[in-house]
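**Q** Pasting a structure below so you can have a look.
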Amino acid sequence: MSSVGDMVVDGTHQRVYVSDPTGGKIVVTDYNGAVKATLTGLSGVSGLAVSDDGGQVYAAVTTGDRIVSVDTTTYTQTASYPVGAAPGDLEVVDGRVWFAHGADFGSLDVSGPEPVVHLGLRGDADFYGASSILASDPAVPGTLVAGGGSYVAVYDVSADGAALRATTYMGSGVKQLDLTPDGKQVLTSWGQGYGYSLGAYSATDLSEQPGYPIEAYPNAVRIAPDGSIAGGSFSWYDPDVHIHRPGDPVPVREYDFPNTGNSSGADTLVDGALAWAPDSSRVFAVSVNTYGTHTLRALTDPTKELPALTVSAPAKTERAKKLTVTGKLTSKTLPPAGTALTVTRTDVESPKGRALASARLKADGSFSFTDTPPAGGKVTYKVTWAGDATHAPASGADTVEVSRKATSLTLNNNGRVYAYGKKVTFTAHLGTTYKNRTVSIYADPFGADKPRKLLRTGKVNSKGNLSATVTLTRDTTVSAVFTGDARYASKTAKSTGYAKVRVSTAVSKHYRTGKIGSKAYYYFRKNTDPVFTTTMTYYKGRAQRVQVQVWYAGAWRDTAAEYFALNTKGKSIVRLEAPGESGIRARLRSSYVNGSSGDSVNSTTHGAWRYFTFTR
């Protein structure tokens, strides 16, 4: 919708009708806001009204100066009545449709064989050129309220025409009027003499009476069949809809719209866009944000106070020791002393909650009760009041940490180093517990790319043991977890098993092999470059460390050590420069060094030495 002209509620079918003058349509929704129909081709449609029997919705259509009727069961247009002037606001009183036109108003009577239209019924009241707005109430037959500019008037419409009863100055800026169902008051969305408020006037002589203060700019007023008052206000930073009980200047409930736009201020109520469900179960409002997006809001339980219920329990206590929980229910008005509150205790033995004896309210809204928690751990006490005819439900909760005994839990193999791919069995041992004998064993390989994985969950055997096997390809933290029970606290034990890498080095470009002493050697010509191809377990960014030593003066002595990157297949080829002379004996090995080879997911692993010598 691009605009909002008016809104009415069909209680029989639980439908909400909203007109869009700019879009030339009426949108029909259910009470949850789901669109049920869109009626188009109604250029300039604005005012809406429901017939006395609920079978028709009348709509004022400025294009063609007509009022159309729509069947509330089929959403089809059943008639179109020319009225001789561009109609605006609509009200149905005693079967006749009353419509504003300019600074005046008229009536449409469709009860006879032919429609009967009367225009210019304002009489001696003067609305000073401002567009008229109308109000009535089904419980007050023969009465119509009309206003415009700064004036409001009450008319007797029980006979043909409209007989002026009273008129008065009501102040400029009024967006909406309404008549109380007892016929005693006219309310306006602006009140002279009371600051920002819903103004109140006697329906008999329009003398001013105490109104209903509102902090922001009042822009809507609607009264429910039970007399409850909904006042709207244009407000970015304060509540937007204010619900009052008749005669009570303090709201029983307020609703504050969220901010769905792009400014600091929240969504605001469209002028006059309030409507009650006939059973007073909810108020419908249309808000608009800074993007121009309109939202239909169903405000539930509007006539009920919104109480707050607080619960306070000790932070800590011992298991099986009595404790006291206190709390308070606060609201505009309080239920009588002795009102029962539902109490539920949730703990490890009753995860879905266990009902306790009801707590009883005192006259000041406070309450207290005692309990002896049978289970340790986190214990939550929730207190709920179901509400009543004038109060919405309320609940509150607080949590107590109840002490539990400590048990023992161990896990073997911590700190041991294993060959790559070794299958290692980790055994958890659980000590004394109350009822729970279940342990879960998890494996968490080093490295962010491997998540923690559950290996096994089960009950320990008669010796208190539960085992799981891990194939170690990386350093891995194994955890045994006991979640606790009613009397023993949770416990976790950890053990880290360390895994080496696979590493092998192949030699090429030699012309023969042979032994020198007990060692096998690769023989190279003095001008041939030896080539060493290392294969190592791959990990992203990993490099091998190549260490070269030379036999000199009866001992192996370091000459060089350097890191070379592995390719994605775990290969690394290193070519050594030929010495150009014979008689040199050397050896080389490839290693993975934790932390220095580019990662820390395996344990340091040294490959076998490769011995080689140079000849002529």
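Each chain of the structure tokens is named A, B, ... in the order shown, its residues numbered from 1; ligands are numbered from 1 in display order.
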Residues near segment 434-444 of chain A, anyone? I mean within 6 Å using only C-alpha atoms, not counting same-chain ones fewer than 5 positions away, as a list of chain:residue names.
**A**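 Once the nearby chain positions are removed, what remains is A:Arg452, A:Lys453, A:Leu454, A:Leu455, A:Arg456, A:Thr457, A:Gly458, A:Lys459, A:Thr476, A:Thr477, A:Val478, A:Ser479, A:Ala480, A:Val481, A:Phe482, A:Asp485, A:Arg487.
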**Q** Could you dump the residues just selected with N, CA and C atoms as a CSV table (one decimal), in the first residue's frame?
**A**
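The result, stored in again.csv:
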```csv
chain,number,residue,atom,x,y,z
A,452,ARG,N,36.3,-31.4,16.2
A,452,ARG,CA,36.1,-32.4,17.3
A,452,ARG,C,35.1,-33.4,16.9
A,453,LYS,N,35.4,-34.7,17.2
A,453,LYS,CA,34.5,-35.7,16.7
A,453,LYS,C,34.2,-36.7,17.9
A,454,LEU,N,32.9,-37.0,18.0
A,454,LEU,CA,32.5,-38.0,19.1
A,454,LEU,C,32.9,-39.4,18.6
A,455,LEU,N,33.6,-40.1,19.4
A,455,LEU,CA,34.1,-41.4,19.1
A,455,LEU,C,33.1,-42.5,19.7
A,456,ARG,N,32.7,-42.2,20.9
A,456,ARG,CA,31.8,-43.2,21.5
A,456,ARG,C,31.1,-42.6,22.8
A,457,THR,N,29.9,-43.0,23.0
A,457,THR,CA,29.1,-42.7,24.2
A,457,THR,C,28.5,-44.0,24.7
A,458,GLY,N,28.7,-44.2,26.0
A,458,GLY,CA,28.2,-45.4,26.6
A,458,GLY,C,28.4,-45.5,28.0
A,459,LYS,N,27.8,-46.5,28.6
A,459,LYS,CA,28.0,-46.8,30.1
A,459,LYS,C,29.3,-47.5,30.3
A,476,THR,N,46.6,-35.4,18.6
A,476,THR,CA,45.2,-35.4,18.9
A,476,THR,C,44.9,-35.4,20.4
A,477,THR,N,44.0,-34.5,20.8
A,477,THR,CA,43.5,-34.4,22.1
A,477,THR,C,42.3,-35.2,22.3
A,478,VAL,N,42.3,-36.2,23.1
A,478,VAL,CA,41.2,-37.1,23.4
A,478,VAL,C,40.6,-36.6,24.7
A,479,SER,N,39.2,-36.4,24.7
A,479,SER,CA,38.5,-36.0,26.0
A,479,SER,C,37.5,-37.0,26.4
A,480,ALA,N,37.5,-37.3,27.7
A,480,ALA,CA,36.4,-38.1,28.3
A,480,ALA,C,35.5,-37.2,29.1
A,481,VAL,N,34.2,-37.2,28.8
A,481,VAL,CA,33.3,-36.3,29.4
A,481,VAL,C,32.2,-37.1,30.2
A,482,PHE,N,32.1,-36.7,31.5
A,482,PHE,CA,31.0,-37.2,32.3
A,482,PHE,C,30.1,-36.0,32.6
A,485,ASP,N,25.4,-36.0,37.4
A,485,ASP,CA,24.0,-36.4,37.8
A,485,ASP,C,23.6,-35.6,38.9
A,487,ARG,N,23.8,-35.9,42.0
A,487,ARG,CA,24.7,-35.7,43.2
A,487,ARG,C,26.1,-35.5,42.9
```
**Q** Neighbouring residues of segment 579-584 of chain A were defined as those with any atom within 9 Å, considering only C-alpha atoms; residues of the same chain fewer than 6 positions away were excluded. Please report them as a ChimeraX atom specification.
**A** /A:525-529,550-552,612-616
**Q** Here is a test: counting only C-alpha atoms, which residue of A:Val593, A:Leu411, A:Ala506, A:Val343 is nearest to Ile573 of chain A?
**A**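 Closest candidate: A:Ala506.
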**Q** Can you write out as a tab-separated table which residues of segment 268-314 of chain A fall within 12 Å of segment 39-57 of chain A, alongside each residue's closest atom pair and its distance in Å to one decimal, counting only C-alpha atoms and ordering rows by chain and ascending residue number?
**A**
```
residue	atom	partner	partner_atom	distance
A:Gly272	CA	A:Gly47	CA	10.9
A:Ala273	CA	A:Gly47	CA	11.4
A:Ala275	CA	A:Ala49	CA	11.3
A:Pro278	CA	A:Gly54	CA	11.0
```
**Q** Can you tell me which residues surround Ser508 of chain A at a distance of at most 12 Å, considering only C-alpha atoms, apart from same-chain residues fewer than 5 positions away, and format the answer as a PDB file with N, CA and C atoms, in the first residue's frame?
**A**
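Output file out16.pdb follows:
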```pdb
ATOM      1  N   THR A 513      75.986 -48.729  -5.384  1.00  0.00           N
ATOM      2  CA  THR A 513      75.908 -48.717  -3.928  1.00  0.00           C
ATOM      3  C   THR A 513      76.917 -49.708  -3.380  1.00  0.00           C
ATOM      4  N   TYR A 522      75.804 -44.631  -1.113  1.00  0.00           N
ATOM      5  CA  TYR A 522      75.539 -44.374  -2.521  1.00  0.00           C
ATOM      6  C   TYR A 522      76.803 -43.719  -3.095  1.00  0.00           C
ATOM      7  N   TYR A 523      77.302 -44.249  -4.238  1.00  0.00           N
ATOM      8  CA  TYR A 523      78.547 -43.766  -4.855  1.00  0.00           C
ATOM      9  C   TYR A 523      78.213 -42.824  -6.013  1.00  0.00           C
ATOM     10  N   PHE A 524      78.852 -41.626  -5.987  1.00  0.00           N
ATOM     11  CA  PHE A 524      78.675 -40.627  -7.037  1.00  0.00           C
ATOM     12  C   PHE A 524      80.041 -40.253  -7.606  1.00  0.00           C
ATOM     13  N   THR A 528      79.171 -35.224 -10.335  1.00  0.00           N
ATOM     14  CA  THR A 528      77.739 -35.495 -10.462  1.00  0.00           C
ATOM     15  C   THR A 528      76.984 -34.908  -9.267  1.00  0.00           C
ATOM     16  N   ASP A 529      75.853 -34.202  -9.556  1.00  0.00           N
ATOM     17  CA  ASP A 529      75.024 -33.635  -8.488  1.00  0.00           C
ATOM     18  C   ASP A 529      74.090 -34.714  -7.934  1.00  0.00           C
ATOM     19  N   PRO A 530      74.194 -35.051  -6.668  1.00  0.00           N
ATOM     20  CA  PRO A 530      73.258 -36.019  -6.087  1.00  0.00           C
ATOM     21  C   PRO A 530      71.848 -35.409  -5.988  1.00  0.00           C
ATOM     22  N   VAL A 531      70.815 -36.236  -6.188  1.00  0.00           N
ATOM     23  CA  VAL A 531      69.420 -35.791  -6.092  1.00  0.00           C
ATOM     24  C   VAL A 531      68.722 -36.631  -5.022  1.00  0.00           C
ATOM     25  N   PHE A 532      68.038 -35.909  -4.093  1.00  0.00           N
ATOM     26  CA  PHE A 532      67.328 -36.563  -2.988  1.00  0.00           C
ATOM     27  C   PHE A 532      65.842 -36.176  -3.072  1.00  0.00           C
ATOM     28  N   THR A 533      65.000 -37.179  -3.192  1.00  0.00           N
ATOM     29  CA  THR A 533      63.556 -36.954  -3.279  1.00  0.00           C
ATOM     30  C   THR A 533      62.914 -37.437  -1.985  1.00  0.00           C
ATOM     31  N   THR A 534      62.350 -36.500  -1.243  1.00  0.00           N
ATOM     32  CA  THR A 534      61.717 -36.820   0.045  1.00  0.00           C
ATOM     33  C   THR A 534      60.204 -36.859  -0.117  1.00  0.00           C
ATOM     34  N   ILE A 573      62.096 -32.240  -3.797  1.00  0.00           N
ATOM     35  CA  ILE A 573      63.319 -32.705  -4.469  1.00  0.00           C
ATOM     36  C   ILE A 573      64.434 -31.709  -4.188  1.00  0.00           C
ATOM     37  N   VAL A 574      65.565 -32.215  -3.686  1.00  0.00           N
ATOM     38  CA  VAL A 574      66.724 -31.385  -3.369  1.00  0.00           C
ATOM     39  C   VAL A 574      67.924 -31.906  -4.157  1.00  0.00           C
ATOM     40  N   ARG A 575      68.569 -31.017  -4.902  1.00  0.00           N
ATOM     41  CA  ARG A 575      69.779 -31.359  -5.662  1.00  0.00           C
ATOM     42  C   ARG A 575      70.971 -30.692  -4.985  1.00  0.00           C
ATOM     43  N   LEU A 576      71.992 -31.524  -4.601  1.00  0.00           N
ATOM     44  CA  LEU A 576      73.215 -30.989  -4.008  1.00  0.00           C
ATOM     45  C   LEU A 576      74.259 -30.754  -5.098  1.00  0.00           C
ATOM     46  N   ARG A 610      70.794 -40.900   4.855  1.00  0.00           N
ATOM     47  CA  ARG A 610      71.242 -41.453   3.581  1.00  0.00           C
ATOM     48  C   ARG A 610      72.710 -41.097   3.418  1.00  0.00           C
ATOM     49  N   PHE A 612      76.439 -41.137   1.483  1.00  0.00           N
ATOM     50  CA  PHE A 612      76.933 -41.104   0.104  1.00  0.00           C
ATOM     51  C   PHE A 612      78.385 -40.631   0.085  1.00  0.00           C
TER      52      PHE A 612
END
```
